[in-house]
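S.K.: Contents of start-v2.tsv (TSV, C-alpha atoms) are below:
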chain	number	residue	atom	x	y	z
X	3	MET	CA	1.94	-32.37	6.70
X	4	SER	CA	3.55	-30.90	3.60
X	5	ALA	CA	3.98	-34.21	1.72
X	6	GLY	CA	1.24	-34.38	-0.89
X	7	TRP	CA	0.20	-30.78	-0.35
X	8	GLN	CA	1.13	-27.51	-1.98
X	9	ARG	CA	1.07	-24.38	0.12
X	10	ARG	CA	0.95	-20.75	-0.92
X	11	ALA	CA	0.81	-17.54	1.07
X	12	ARG	CA	0.02	-13.91	0.42
X	13	PRO	CA	-0.25	-10.81	2.58
X	14	LEU	CA	-3.97	-10.07	2.98
X	15	LEU	CA	-6.33	-8.91	5.74
X	16	GLY	CA	-3.40	-7.28	7.52
X	17	THR	CA	-1.80	-10.65	8.06
X	18	LEU	CA	-0.39	-13.63	6.21
X	19	VAL	CA	-3.00	-15.82	4.53
X	20	GLU	CA	-1.94	-19.37	3.73
X	21	VAL	CA	-3.80	-21.73	1.42
X	22	GLY	CA	-3.06	-25.45	1.29
X	23	VAL	CA	-4.40	-27.75	-1.43
X	24	PRO	CA	-3.55	-31.24	-2.68
X	25	ALA	CA	-0.33	-31.26	-4.71
X	26	GLN	CA	-2.40	-31.71	-7.83
X	27	GLY	CA	-4.95	-29.15	-6.62
X	28	GLY	CA	-4.13	-26.68	-9.30
X	29	ASP	CA	-3.29	-23.00	-9.36
X	30	ASP	CA	-6.85	-22.04	-10.30
X	31	ALA	CA	-8.22	-23.26	-6.97
X	32	VAL	CA	-5.53	-21.36	-5.07
X	33	ALA	CA	-6.14	-18.21	-7.11
X	34	ALA	CA	-9.89	-18.46	-6.44
X	35	ALA	CA	-9.29	-18.84	-2.70
X	36	PHE	CA	-7.03	-15.78	-2.56
X	37	GLY	CA	-9.57	-13.94	-4.72
X	38	ALA	CA	-12.33	-14.74	-2.22
X	39	VAL	CA	-10.23	-13.38	0.65
X	40	ALA	CA	-9.34	-10.23	-1.32
X	41	ALA	CA	-13.06	-9.65	-2.01
X	42	VAL	CA	-13.86	-9.79	1.70
X	43	GLN	CA	-11.01	-7.36	2.40
X	44	ALA	CA	-12.32	-4.97	-0.27
X	45	ALA	CA	-15.81	-5.12	1.26
X	46	MET	CA	-14.99	-4.93	4.96
X	47	SER	CA	-11.62	-3.31	5.59
X	48	ARG	CA	-11.91	-0.36	7.93
X	49	PHE	CA	-8.79	1.16	6.37
X	50	ASP	CA	-10.35	1.43	2.91
X	51	PRO	CA	-12.77	4.36	2.42
X	52	ALA	CA	-14.35	2.52	-0.54
X	53	SER	CA	-15.23	-0.55	1.54
X	54	ASP	CA	-18.70	-0.94	3.01
X	55	VAL	CA	-17.26	-0.17	6.44
X	56	GLY	CA	-15.48	2.92	5.08
X	57	ARG	CA	-18.71	4.10	3.44
X	58	PHE	CA	-20.67	3.42	6.64
X	59	HIS	CA	-18.28	5.63	8.60
X	60	ALA	CA	-18.81	8.46	6.09
X	61	LEU	CA	-22.57	8.46	6.82
X	62	SER	CA	-24.28	10.97	9.09
X	63	ALA	CA	-26.57	9.72	11.84
X	64	GLY	CA	-29.83	8.52	10.30
X	65	GLN	CA	-28.32	7.79	6.87
X	66	GLY	CA	-27.99	4.36	5.28
X	67	CYS	CA	-25.87	2.82	2.52
X	68	THR	CA	-26.33	-0.25	0.32
X	69	VAL	CA	-23.76	-2.91	1.11
X	70	ARG	CA	-22.42	-5.95	-0.72
X	71	PRO	CA	-24.14	-9.33	-0.17
X	72	ALA	CA	-21.05	-10.62	1.68
X	73	THR	CA	-21.28	-7.71	4.12
X	74	VAL	CA	-24.97	-8.50	4.64
X	75	SER	CA	-24.03	-12.06	5.65
X	76	VAL	CA	-21.45	-10.83	8.16
X	77	LEU	CA	-23.74	-8.16	9.63
X	78	LEU	CA	-26.58	-10.67	10.05
X	79	ALA	CA	-24.22	-13.00	11.88
X	80	ALA	CA	-22.89	-10.09	13.97
X	81	ALA	CA	-26.42	-9.04	14.98
X	82	ALA	CA	-27.32	-12.61	15.96
X	83	LEU	CA	-24.10	-13.03	17.95
X	84	GLN	CA	-24.62	-9.71	19.73
X	85	ARG	CA	-28.17	-10.71	20.69
X	86	GLU	CA	-27.33	-14.27	21.73
X	87	SER	CA	-24.24	-13.30	23.72
X	88	GLY	CA	-26.06	-10.59	25.66
X	89	GLY	CA	-23.85	-7.95	24.06
X	90	LEU	CA	-20.47	-9.60	24.71
X	91	PHE	CA	-19.95	-9.69	20.97
X	92	ASP	CA	-20.18	-6.15	19.65
X	93	ILE	CA	-18.80	-4.90	16.34
X	94	THR	CA	-18.94	-1.31	17.68
X	95	GLN	CA	-16.62	-2.38	20.51
X	96	GLY	CA	-18.71	-0.44	22.97
X	97	SER	CA	-18.84	2.78	20.94
X	98	ALA	CA	-22.60	2.42	20.27
X	99	PRO	CA	-23.92	-1.16	20.48
X	100	ASP	CA	-27.37	-0.06	19.26
X	101	GLY	CA	-25.95	2.44	16.81
X	102	TRP	CA	-26.55	0.47	13.63
X	103	ARG	CA	-29.26	-1.57	11.94
X	104	LEU	CA	-29.48	-3.68	8.81
X	105	GLU	CA	-32.63	-3.67	6.68
X	106	GLY	CA	-32.34	-5.78	3.57
X	107	ARG	CA	-29.10	-4.59	2.00
X	108	THR	CA	-29.27	-1.16	3.63
X	109	TRP	CA	-26.96	-0.53	6.56
X	110	TRP	CA	-28.20	2.32	8.73
X	111	ARG	CA	-25.96	4.41	10.95
X	112	LEU	CA	-28.22	5.42	13.82
X	113	ASP	CA	-25.67	7.33	15.83
X	114	ALA	CA	-22.81	9.58	14.72
X	115	THR	CA	-20.55	8.00	17.36
X	116	THR	CA	-20.95	4.47	15.95
X	117	ARG	CA	-17.57	3.08	14.94
X	118	VAL	CA	-17.60	-0.40	13.51
X	119	ASP	CA	-14.79	-2.91	13.24
X	120	LEU	CA	-15.57	-6.21	11.54
X	121	GLY	CA	-12.05	-7.48	12.27
X	122	GLY	CA	-13.43	-9.81	14.93
X	123	ILE	CA	-15.59	-11.73	12.51
X	124	ALA	CA	-14.67	-10.93	8.90
X	125	LYS	CA	-11.38	-12.81	8.97
X	126	GLY	CA	-13.21	-16.00	9.87
X	127	PHE	CA	-15.80	-15.27	7.21
X	128	ALA	CA	-13.04	-14.76	4.64
X	129	VAL	CA	-11.57	-18.14	5.56
X	130	ASP	CA	-14.99	-19.79	5.10
X	131	ARG	CA	-15.36	-18.12	1.68
X	132	ALA	CA	-11.89	-19.24	0.64
X	133	VAL	CA	-12.68	-22.83	1.70
X	134	GLN	CA	-15.88	-22.67	-0.37
X	135	ALA	CA	-13.83	-21.53	-3.36
X	136	LEU	CA	-11.43	-24.47	-2.96
X	137	ARG	CA	-14.33	-26.91	-2.77
X	138	ARG	CA	-15.99	-25.39	-5.84
X	139	HIS	CA	-12.76	-26.02	-7.71
X	140	GLY	CA	-12.91	-29.66	-6.79
X	141	CYS	CA	-10.30	-29.85	-4.02
X	142	ALA	CA	-10.87	-33.00	-1.99
X	143	GLY	CA	-9.18	-31.44	0.99
X	144	GLY	CA	-7.21	-28.44	2.08
X	145	TRP	CA	-6.99	-25.55	4.49
X	146	VAL	CA	-6.94	-21.79	4.79
X	147	ASN	CA	-5.11	-19.98	7.60
X	148	ALA	CA	-5.55	-16.21	7.92
X	149	GLY	CA	-2.94	-15.41	10.55
X	150	GLY	CA	-4.37	-17.88	13.02
X	151	ASP	CA	-8.00	-18.00	11.91
X	152	LEU	CA	-7.92	-21.33	10.20
X	153	ARG	CA	-10.12	-24.03	8.80
X	154	ALA	CA	-9.35	-27.47	7.44
X	155	PHE	CA	-11.64	-29.61	5.31
X	156	GLY	CA	-11.77	-32.98	3.60
X	157	SER	CA	-8.64	-35.08	3.88
X	158	ALA	CA	-6.48	-32.36	5.49
X	159	GLU	CA	-5.39	-32.66	9.10
X	160	LEU	CA	-3.85	-29.50	10.42
X	161	PRO	CA	-1.38	-29.33	13.29
X	162	LEU	CA	-2.27	-26.44	15.59
X	163	GLN	CA	0.74	-24.40	16.65
X	164	LEU	CA	0.57	-21.67	19.23
X	165	ARG	CA	3.13	-18.91	19.13
X	166	ASP	CA	5.10	-18.40	22.30
X	167	GLU	CA	4.94	-14.64	22.61
X	168	VAL	CA	7.47	-14.44	25.41
X	169	GLN	CA	10.21	-16.69	24.07
X	170	GLY	CA	9.34	-16.84	20.38
X	171	GLY	CA	8.91	-20.11	18.53
X	172	VAL	CA	5.74	-22.17	18.42
X	173	ARG	CA	4.29	-24.94	20.58
X	174	HIS	CA	2.23	-27.83	19.40
X	175	PHE	CA	-1.34	-27.57	20.67
X	176	GLY	CA	-3.23	-30.26	18.83
X	177	CYS	CA	-4.55	-31.41	15.50
X	178	LEU	CA	-7.65	-30.26	13.64
X	179	ALA	CA	-9.62	-31.86	10.84
X	180	ASP	CA	-12.88	-30.84	9.20
X	181	GLY	CA	-13.36	-27.74	11.33
X	182	ALA	CA	-12.14	-24.28	12.26
X	183	PHE	CA	-9.93	-22.85	15.01
X	184	ALA	CA	-9.18	-19.31	16.17
X	185	THR	CA	-7.18	-17.72	18.97
X	186	SER	CA	-7.29	-14.30	20.62
X	187	ARG	CA	-4.86	-12.83	23.07
X	188	LEU	CA	-6.32	-11.53	26.33
X	189	PRO	CA	-5.45	-7.95	27.26
X	190	GLY	CA	-4.03	-9.09	30.60
X	191	GLY	CA	-1.99	-11.93	29.07
X	192	GLY	CA	-2.99	-15.47	28.23
X	193	HIS	CA	-5.10	-16.64	25.32
X	194	VAL	CA	-8.47	-18.00	24.42
X	195	SER	CA	-9.06	-20.39	21.55
X	196	VAL	CA	-12.24	-21.71	19.99
X	197	ALA	CA	-12.76	-24.72	17.75
X	198	ALA	CA	-15.99	-24.59	15.72
X	199	PRO	CA	-17.45	-26.05	12.55
X	200	ARG	CA	-17.09	-22.73	10.71
X	201	ALA	CA	-14.29	-20.16	10.87
X	202	LEU	CA	-16.75	-17.28	11.27
X	203	TRP	CA	-18.07	-18.78	14.50
X	204	ALA	CA	-14.61	-19.69	15.77
X	205	ASP	CA	-13.34	-16.15	15.10
X	206	ALA	CA	-16.35	-14.40	16.68
X	207	LEU	CA	-16.64	-16.76	19.64
X	208	THR	CA	-13.08	-16.04	20.78
X	209	LYS	CA	-14.39	-12.57	21.67
X	210	VAL	CA	-17.35	-14.03	23.59
X	211	LEU	CA	-14.95	-16.33	25.43
X	212	ALA	CA	-12.43	-13.55	26.08
X	213	PHE	CA	-15.07	-11.30	27.64
X	214	SER	CA	-17.00	-13.98	29.52
X	215	GLY	CA	-13.96	-16.02	30.57
X	216	ASP	CA	-16.30	-19.01	30.47
X	217	PRO	CA	-15.44	-21.95	28.18
X	218	GLY	CA	-18.85	-23.35	29.18
X	219	HIS	CA	-20.73	-20.33	27.80
X	220	PRO	CA	-24.00	-21.74	26.37
X	221	LEU	CA	-23.54	-19.95	23.04
X	222	LEU	CA	-20.43	-22.02	22.31
X	223	ALA	CA	-22.27	-25.27	22.86
X	224	ARG	CA	-25.23	-24.09	20.76
X	225	LEU	CA	-22.93	-23.40	17.80
X	226	GLY	CA	-21.11	-26.71	18.19
X	227	ALA	CA	-17.95	-25.00	19.45
X	228	ARG	CA	-15.37	-25.79	22.12
X	229	GLY	CA	-13.49	-23.12	24.01
X	230	PHE	CA	-10.08	-23.13	25.70
X	231	VAL	CA	-8.53	-20.61	28.06
X	232	HIS	CA	-4.77	-21.04	28.13
M	21	MET	CA	-15.21	-31.19	13.45
M	22	ARG	CA	-12.39	-33.36	14.78
M	23	LEU	CA	-10.01	-31.91	17.31
M	24	LEU	CA	-7.19	-33.84	18.92
M	25	LEU	CA	-5.32	-32.02	21.66
M	26	THR	CA	-1.68	-32.55	22.42
M	27	VAL	CA	-1.23	-33.69	26.00
M	28	ALA	CA	2.14	-32.08	26.60
M	29	THR	CA	1.28	-28.45	25.91
M	30	LEU	CA	4.32	-27.45	27.92
M	31	ALA	CA	6.64	-28.96	25.35
M	32	PRO	CA	9.44	-26.58	24.46
M	33	ALA	CA	8.81	-24.13	21.67
M	34	THR	CA	10.29	-25.10	18.35
M	35	ALA	CA	11.19	-22.97	15.39
M	36	PHE	CA	8.66	-23.02	12.61
M	37	ALA	CA	9.41	-22.65	8.93
M	38	VAL	CA	7.60	-23.03	5.63
M	39	ASP	CA	8.95	-22.85	2.11
M	40	TYR	CA	6.18	-21.93	-0.30
M	41	LEU	CA	7.81	-21.24	-3.63
M	42	ASN	CA	11.28	-20.68	-4.99
M	43	VAL	CA	11.97	-17.56	-7.03
M	44	GLU	CA	11.66	-19.38	-10.36
M	45	GLN	CA	8.27	-20.84	-9.44
M	46	ALA	CA	7.00	-17.46	-8.28
M	47	ALA	CA	8.27	-15.73	-11.41
M	48	LYS	CA	6.53	-18.30	-13.64
M	49	LEU	CA	3.26	-17.88	-11.72
M	50	MET	CA	3.48	-14.11	-12.10
M	51	PHE	CA	4.42	-14.14	-15.78
M	52	PRO	CA	3.18	-17.43	-17.26
M	53	GLU	CA	3.63	-16.06	-20.79
M	54	ALA	CA	7.34	-15.30	-20.25
M	55	GLU	CA	9.81	-17.35	-22.31
M	56	ARG	CA	12.76	-16.62	-20.08
M	57	PHE	CA	13.88	-14.54	-17.11
M	58	GLU	CA	17.00	-12.39	-17.29
M	59	ALA	CA	18.88	-11.40	-14.17
M	60	ARG	CA	19.76	-7.72	-14.00
M	61	GLN	CA	21.07	-5.45	-11.29
M	62	ILE	CA	19.89	-1.91	-10.73
M	63	ASP	CA	22.44	0.47	-9.24
M	64	LEU	CA	20.73	3.52	-7.82
M	65	ASP	CA	22.80	6.69	-7.89
M	66	ALA	CA	22.80	9.32	-5.15
M	67	ALA	CA	20.29	11.54	-6.95
M	68	THR	CA	17.82	8.68	-7.30
M	69	LEU	CA	18.24	7.71	-3.67
M	70	GLN	CA	17.54	11.32	-2.70
M	71	LYS	CA	14.48	11.39	-4.89
M	72	LEU	CA	13.18	8.24	-3.19
M	73	ASP	CA	13.97	9.71	0.18
M	74	ALA	CA	11.89	12.77	-0.74
M	75	GLN	CA	8.99	10.40	-1.47
M	76	GLY	CA	9.37	9.00	2.02
M	77	VAL	CA	10.88	5.76	0.71
M	78	LYS	CA	14.05	4.45	2.31
M	79	ALA	CA	15.69	2.49	-0.47
M	80	ARG	CA	17.70	0.52	2.12
M	81	SER	CA	20.19	-0.48	-0.53
M	82	ALA	CA	21.61	1.09	-3.68
M	83	ARG	CA	21.81	-2.32	-5.38
M	84	TRP	CA	18.68	-4.13	-6.43
M	85	PRO	CA	18.76	-7.47	-8.26
M	86	VAL	CA	15.80	-7.75	-10.65
M	87	LEU	CA	14.51	-10.52	-12.90
M	88	LEU	CA	13.22	-9.34	-16.27
M	89	ALA	CA	10.37	-11.43	-17.70
M	90	LYS	CA	10.99	-11.68	-21.42
M	91	ALA	CA	8.99	-12.88	-24.42
M	92	GLY	CA	11.18	-12.47	-27.50
M	93	SER	CA	12.65	-8.99	-27.21
M	94	THR	CA	9.67	-7.68	-25.22
M	95	THR	CA	9.97	-7.06	-21.50
M	96	LEU	CA	6.72	-8.21	-19.91
M	97	GLY	CA	7.61	-7.08	-16.42
M	98	PHE	CA	9.90	-7.45	-13.44
M	99	VAL	CA	10.27	-9.70	-10.42
M	100	VAL	CA	12.01	-8.44	-7.29
M	101	THR	CA	12.59	-10.48	-4.15
M	102	ASP	CA	13.00	-9.09	-0.67
M	103	GLU	CA	13.07	-10.13	2.98
M	104	VAL	CA	11.45	-8.48	5.96
M	105	ILE	CA	11.85	-9.15	9.64
M	106	GLY	CA	9.02	-9.06	12.11
M	107	LYS	CA	8.95	-9.58	15.82
M	108	TYR	CA	9.42	-13.33	15.58
M	109	GLU	CA	9.58	-14.01	11.90
M	110	LEU	CA	11.55	-13.63	8.74
M	111	ILE	CA	9.54	-13.49	5.54
M	112	SER	CA	10.95	-13.60	2.06
M	113	TYR	CA	8.63	-12.67	-0.75
M	114	ALA	CA	8.58	-11.81	-4.43
M	115	VAL	CA	6.85	-8.88	-6.08
M	116	GLY	CA	5.73	-8.96	-9.72
M	117	ILE	CA	5.58	-5.60	-11.47
M	118	GLY	CA	4.21	-5.02	-14.97
M	119	SER	CA	6.23	-3.27	-17.67
M	120	ASP	CA	4.14	-0.15	-16.97
M	121	GLY	CA	5.27	-0.13	-13.34
M	122	THR	CA	2.02	-1.35	-11.81
M	123	LEU	CA	2.01	-3.92	-9.05
M	124	LYS	CA	0.89	-7.27	-10.44
M	125	SER	CA	1.15	-9.72	-7.58
M	126	ILE	CA	2.88	-10.65	-4.35
M	127	GLU	CA	3.88	-14.19	-3.43
M	128	VAL	CA	5.40	-15.24	-0.14
M	129	LEU	CA	8.43	-17.46	-0.80
M	130	SER	CA	9.24	-18.56	2.73
M	131	TYR	CA	8.37	-17.93	6.32
M	132	ARG	CA	10.65	-18.49	9.29
M	133	GLU	CA	9.39	-18.25	12.84
M	134	SER	CA	12.42	-17.80	15.02
M	135	HIS	CA	13.23	-18.50	18.62
M	136	GLY	CA	13.23	-15.51	20.91
M	137	HIS	CA	16.98	-15.70	21.45
M	138	GLU	CA	17.63	-15.38	17.76
M	139	ILE	CA	15.77	-12.13	17.41
M	140	ARG	CA	17.60	-10.64	20.35
M	141	LEU	CA	20.74	-10.65	18.26
M	142	PRO	CA	21.71	-7.07	17.56
M	143	ALA	CA	21.56	-7.39	13.78
M	144	TRP	CA	17.95	-8.49	13.87
M	145	ARG	CA	17.14	-5.83	16.35
M	146	ARG	CA	18.63	-2.98	14.35
M	147	GLN	CA	16.51	-3.84	11.39
M	148	PHE	CA	13.42	-3.98	13.53
M	149	VAL	CA	13.90	-0.63	15.26
M	150	GLY	CA	11.67	2.10	13.94
M	151	LYS	CA	9.46	-0.19	11.95
M	152	THR	CA	6.62	-0.38	14.40
M	153	ALA	CA	6.61	3.25	15.46
M	154	ALA	CA	6.08	4.58	11.97
M	155	SER	CA	3.55	2.09	10.75
M	156	PRO	CA	-0.09	2.13	11.75
M	157	LEU	CA	-0.25	-1.16	13.58
M	158	ARG	CA	-3.41	-3.11	13.15
M	159	LEU	CA	-2.84	-5.31	16.07
M	160	GLY	CA	-6.04	-5.28	18.07
M	161	GLU	CA	-8.19	-7.32	15.73
M	162	ASP	CA	-5.40	-9.11	13.98
M	163	ILE	CA	-3.87	-11.05	16.79
M	164	ALA	CA	-2.41	-14.15	15.30
M	165	ASN	CA	-0.96	-16.77	17.56
M	166	ILE	CA	-1.02	-19.84	15.44
M	167	SER	CA	1.65	-20.01	12.80
M	168	GLY	CA	0.48	-16.55	11.87
M	169	ALA	CA	2.11	-13.21	11.43
M	170	THR	CA	0.77	-10.24	13.26
M	171	LEU	CA	3.42	-7.67	12.59
M	172	SER	CA	5.10	-8.98	9.53
M	173	CYS	CA	2.37	-8.18	7.07
M	174	GLN	CA	2.85	-4.48	7.71
M	175	HIS	CA	6.53	-4.97	6.96
M	176	VAL	CA	5.71	-6.77	3.73
M	177	THR	CA	3.37	-3.93	2.78
M	178	ASP	CA	6.13	-1.39	3.48
M	179	GLY	CA	8.59	-3.49	1.50
M	180	VAL	CA	6.27	-3.76	-1.49
M	181	ARG	CA	5.80	0.01	-1.49
M	182	ARG	CA	9.58	0.43	-1.49
M	183	ILE	CA	10.06	-1.98	-4.39
M	184	VAL	CA	7.36	-0.33	-6.50
M	185	ALA	CA	8.97	3.09	-5.92
M	186	VAL	CA	12.49	1.83	-6.67
M	187	LEU	CA	11.38	0.14	-9.89
M	188	ASP	CA	9.47	3.25	-10.91
M	189	GLN	CA	12.58	5.40	-10.50
M	190	ALA	CA	14.75	2.82	-12.28
M	191	ARG	CA	12.32	2.78	-15.24
M	192	ARG	CA	12.19	6.57	-15.43
M	193	ARG	CA	15.97	6.78	-15.43
M	194	GLY	CA	16.37	4.13	-18.09
M	195	LEU	CA	18.13	1.68	-15.77
M	196	LEU	CA	15.94	-1.22	-16.93
Starting from the file, lay out its structure as structure tokens.
M.R.:
Amino acid sequence: MSAGWQRRARPLLGTLVEVGVPAQGGDDAVAAAFGAVAAVQAAMSRFDPASDVGRFHALSAGQGCTVRPATVSVLLAAAALQRESGGLFDITQGSAPDGWRLEGRTWWRLDATTRVDLGGIAKGFAVDRAVQALRRHGCAGGWVNAGGDLRAFGSAELPLQLRDEVQGGVRHFGCLADGAFATSRLPGGGHVSVAAPRALWADALTKVLAFSGDPGHPLLARLGARGFVH
Amino acid sequence: MRLLLTVATLAPATAFAVDYLNVEQAAKLMFPEAERFEARQIDLDAATLQKLDAQGVKARSARWPVLLAKAGSTTLGFVVTDEVIGKYELISYAVGIGSDGTLKSIEVLSYRESHGHEIRLPAWRRQFVGKTAASPLRLGEDIANISGATLSCQHVTDGVRRIVAVLDQARRRGLL
């Protein structure tokens, strides 16, 4: 895997983000990819009061705030996923599923109890943005892995390793090319994983799979995804 | 999308390790304009350690090796390396700090995913104790099972905070 590739890693999004590019890929491409991830973190971290999520939580019921274009993209995807999954995907995590609305770039807080966490979708989105940045810089292949939300493109083939949380170490699961993969741990033990064309879908669909328990959920097929319960 | 699954998913777990950069490579990335890097050691005295303690920073060690990024006689900044231990992993990383004390960049140097039996060794355990209780864990949405690091990033963040504080004290006390 590492022959012909250069790999770099930085702590971002509350995890370790790794970027892989061809050995001659250049530091500019890597810097742009990390920059793209940092921009998503600045926009959507729930720990940062200056992020769009932080500003949303400072609103009273009935108030709205203007959000960054990247946040608009994620919220549109979140709304679509919530609708299409019959509420299994929910960025309010049950606190108030109908407690927010997006109109243009204005994000309305409809209910004072609405607490939003974009952690179940923004990491995948950040990976997609970082991959875009690598492509814009002319990388013929590469990958981005945000603590398990990963995507490979072009000539890169990525071995999938699952951490053994009982014994430690990692186990080989498979190999991914030209697509995205994400894993979530189930509260009662075990894991769900989703392979999808885009990291945003893979990331978000692990939640749909975790709550439905159904790898044959029609939403996965519609988005070109495959689910695994393991 | 091309996905090829391994048939034997019950294969034994193996250790997982990546080397990203060595210290010299990281230092050059952080300070491309530097002509050379000088090794220096900071020795923190008891008063400084107390001061750090009062800031809520456990210095962990009184001795800190530092690389000074130099252009001519000018010090452009500092590079400090450190290691942190998570539940399953050992991460070594470098922190670049400007001559004014501000954090410039963080680069991960290497990542080691260990076997469970390794981290049950007492030495590993001692260093791990107390780290999760104090830090606001962001586990729920950050579960990372694939060559990822769920806990370790918090440890890196804590480590970076410690290095910035130590360097700040060292600068104020003329140790650099």
S.K.: Which is closer to Asp180 (chain X) than all the others in M:Leu24, M:Tyr40, M:Val100, M:Ile117, using all atoms listed in the file?
M.R.: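 Looking only at the distances to Asp180 (chain X), the closest residue turns out to be M:Leu24.
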S.K.: From the options X:Gly28, X:Pro220, X:Gly121, X:Pro71, which residue's atoms come nearest to chain M, counting all atoms listed in the file?
M.R.: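 Among the listed residues, X:Gly121 lies closest to chain M.
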S.K.: Can you pull out the residues contacting Ala46 (chain M)? Cut-off 9 Å, using only C-alpha atoms, and skip same-chain residues under 5 positions away; I want them as a list of chain:residue names.
M.R.: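 The residues that qualify are M:Leu41, M:Phe51, M:Val99, M:Ala114, M:Val115, M:Gly116, M:Ile126, M:Glu127, M:Val128, M:Leu129.
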S.K.: For chain X, which residues have at least one atom within 9 Å of chain M, if we go by only C-alpha atoms? Write them as a PyMOL selection string, please.
M.R.: chain X and resi 8-20+29+119-122+125+147-152+162-182+184-187+193+197-199+226
S.K.: Report, in Å with one decimal, the straight-line distance from CA of Gly101 (chain X) to CA of Ala40 (chain X).
M.R.: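 Straight-line distance from CA of Gly101 (chain X) to CA of Ala40 (chain X) works out to 27.7 Å.
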S.K.: Enter the distance from CA of Asp130 (chain X) to CA of Ser97 (chain X), in Å, rounded to one decimal.
M.R.: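 Between these atoms lies a distance of 27.8 Å.
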S.K.: What is the CA of Phe49 (chain X) to CA of Leu110 (chain M) distance in Å?
M.R.: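 So the answer is 25.3 Å.
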S.K.: Which residue out of M:Ala54, M:Ala74, M:Ala79, M:Val184 has the minimum interatomic distance to Leu96 (chain M) when all atoms listed in the file are used?
M.R.: M:Ala54
S.K.: Neighbours of Val76 (chain X) within 10 Å (all atoms listed in the file; same-chain residues fewer than 2 positions away dropped), as a ChimeraX atom specification?
M.R.: /X:46,71-74,78-82,120,123-124,126-128,202
S.K.: Step by step, gather every atom of region 78-83 of chain M that the file lists, find the box along x, y and z that holds them, add 6 Å on each side, and finally give centre and edge lengths in Å to one decimal, as JSON.
M.R.:
{"center_x": 17.9, "center_y": 1.1, "center_z": -1.5, "size_x": 19.8, "size_y": 18.8, "size_z": 19.7}
S.K.: For Leu221 (chain X), which of X:Glu86, X:Asp113, X:Glu105, X:Asp92 is the closest residue, counting all atoms listed in the file?
M.R.: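 That would be X:Glu86, the residue with the smallest distance to Leu221 (chain X).
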S.K.: Can region 57-70 of chain X be brought up to N, CA and C atoms and written out as an mmCIF file, keeping the file's coordinate frame?
M.R.:
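New file rebuild-v9.cif:
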data_model
loop_
_atom_site.group_PDB
_atom_site.id
_atom_site.type_symbol
_atom_site.label_atom_id
_atom_site.label_comp_id
_atom_site.auth_asym_id
_atom_site.auth_seq_id
_atom_site.Cartn_x
_atom_site.Cartn_y
_atom_site.Cartn_z
ATOM 1 N N ARG X 57 -17.542 3.314 3.861
ATOM 2 C CA ARG X 57 -18.710 4.100 3.440
ATOM 3 C C ARG X 57 -19.664 4.312 4.601
ATOM 4 N N PHE X 58 -19.807 3.300 5.455
ATOM 5 C CA PHE X 58 -20.670 3.420 6.640
ATOM 6 C C PHE X 58 -20.160 4.552 7.540
ATOM 7 N N HIS X 59 -18.841 4.609 7.716
ATOM 8 C CA HIS X 59 -18.280 5.630 8.600
ATOM 9 C C HIS X 59 -18.405 7.038 8.028
ATOM 10 N N ALA X 60 -18.632 7.143 6.705
ATOM 11 C CA ALA X 60 -18.810 8.460 6.090
ATOM 12 C C ALA X 60 -20.255 8.955 6.226
ATOM 13 N N LEU X 61 -21.158 8.084 6.705
ATOM 14 C CA LEU X 61 -22.570 8.460 6.820
ATOM 15 C C LEU X 61 -22.797 9.375 8.027
ATOM 16 N N SER X 62 -23.816 10.219 7.922
ATOM 17 C CA SER X 62 -24.280 10.970 9.090
ATOM 18 C C SER X 62 -25.286 10.092 9.825
ATOM 19 N N ALA X 63 -25.558 10.459 11.070
ATOM 20 C CA ALA X 63 -26.570 9.720 11.840
ATOM 21 C C ALA X 63 -27.890 9.758 11.092
ATOM 22 N N GLY X 64 -28.527 8.593 10.979
ATOM 23 C CA GLY X 64 -29.830 8.520 10.300
ATOM 24 C C GLY X 64 -29.726 8.191 8.826
ATOM 25 N N GLN X 65 -28.496 8.141 8.280
ATOM 26 C CA GLN X 65 -28.320 7.790 6.870
ATOM 27 C C GLN X 65 -28.018 6.292 6.735
ATOM 28 N N GLY X 66 -28.300 5.758 5.540
ATOM 29 C CA GLY X 66 -27.990 4.360 5.280
ATOM 30 C C GLY X 66 -27.247 4.215 3.962
ATOM 31 N N CYS X 67 -26.529 3.097 3.789
ATOM 32 C CA CYS X 67 -25.870 2.820 2.520
ATOM 33 C C CYS X 67 -26.127 1.366 2.124
ATOM 34 N N THR X 68 -26.147 1.118 0.825
ATOM 35 C CA THR X 68 -26.330 -0.250 0.320
ATOM 36 C C THR X 68 -25.001 -0.975 0.386
ATOM 37 N N VAL X 69 -25.016 -2.173 0.955
ATOM 38 C CA VAL X 69 -23.760 -2.910 1.110
ATOM 39 C C VAL X 69 -23.760 -4.181 0.268
ATOM 40 N N ARG X 70 -22.584 -4.743 0.086
ATOM 41 C CA ARG X 70 -22.420 -5.950 -0.720
ATOM 42 C C ARG X 70 -23.075 -7.142 -0.007
#
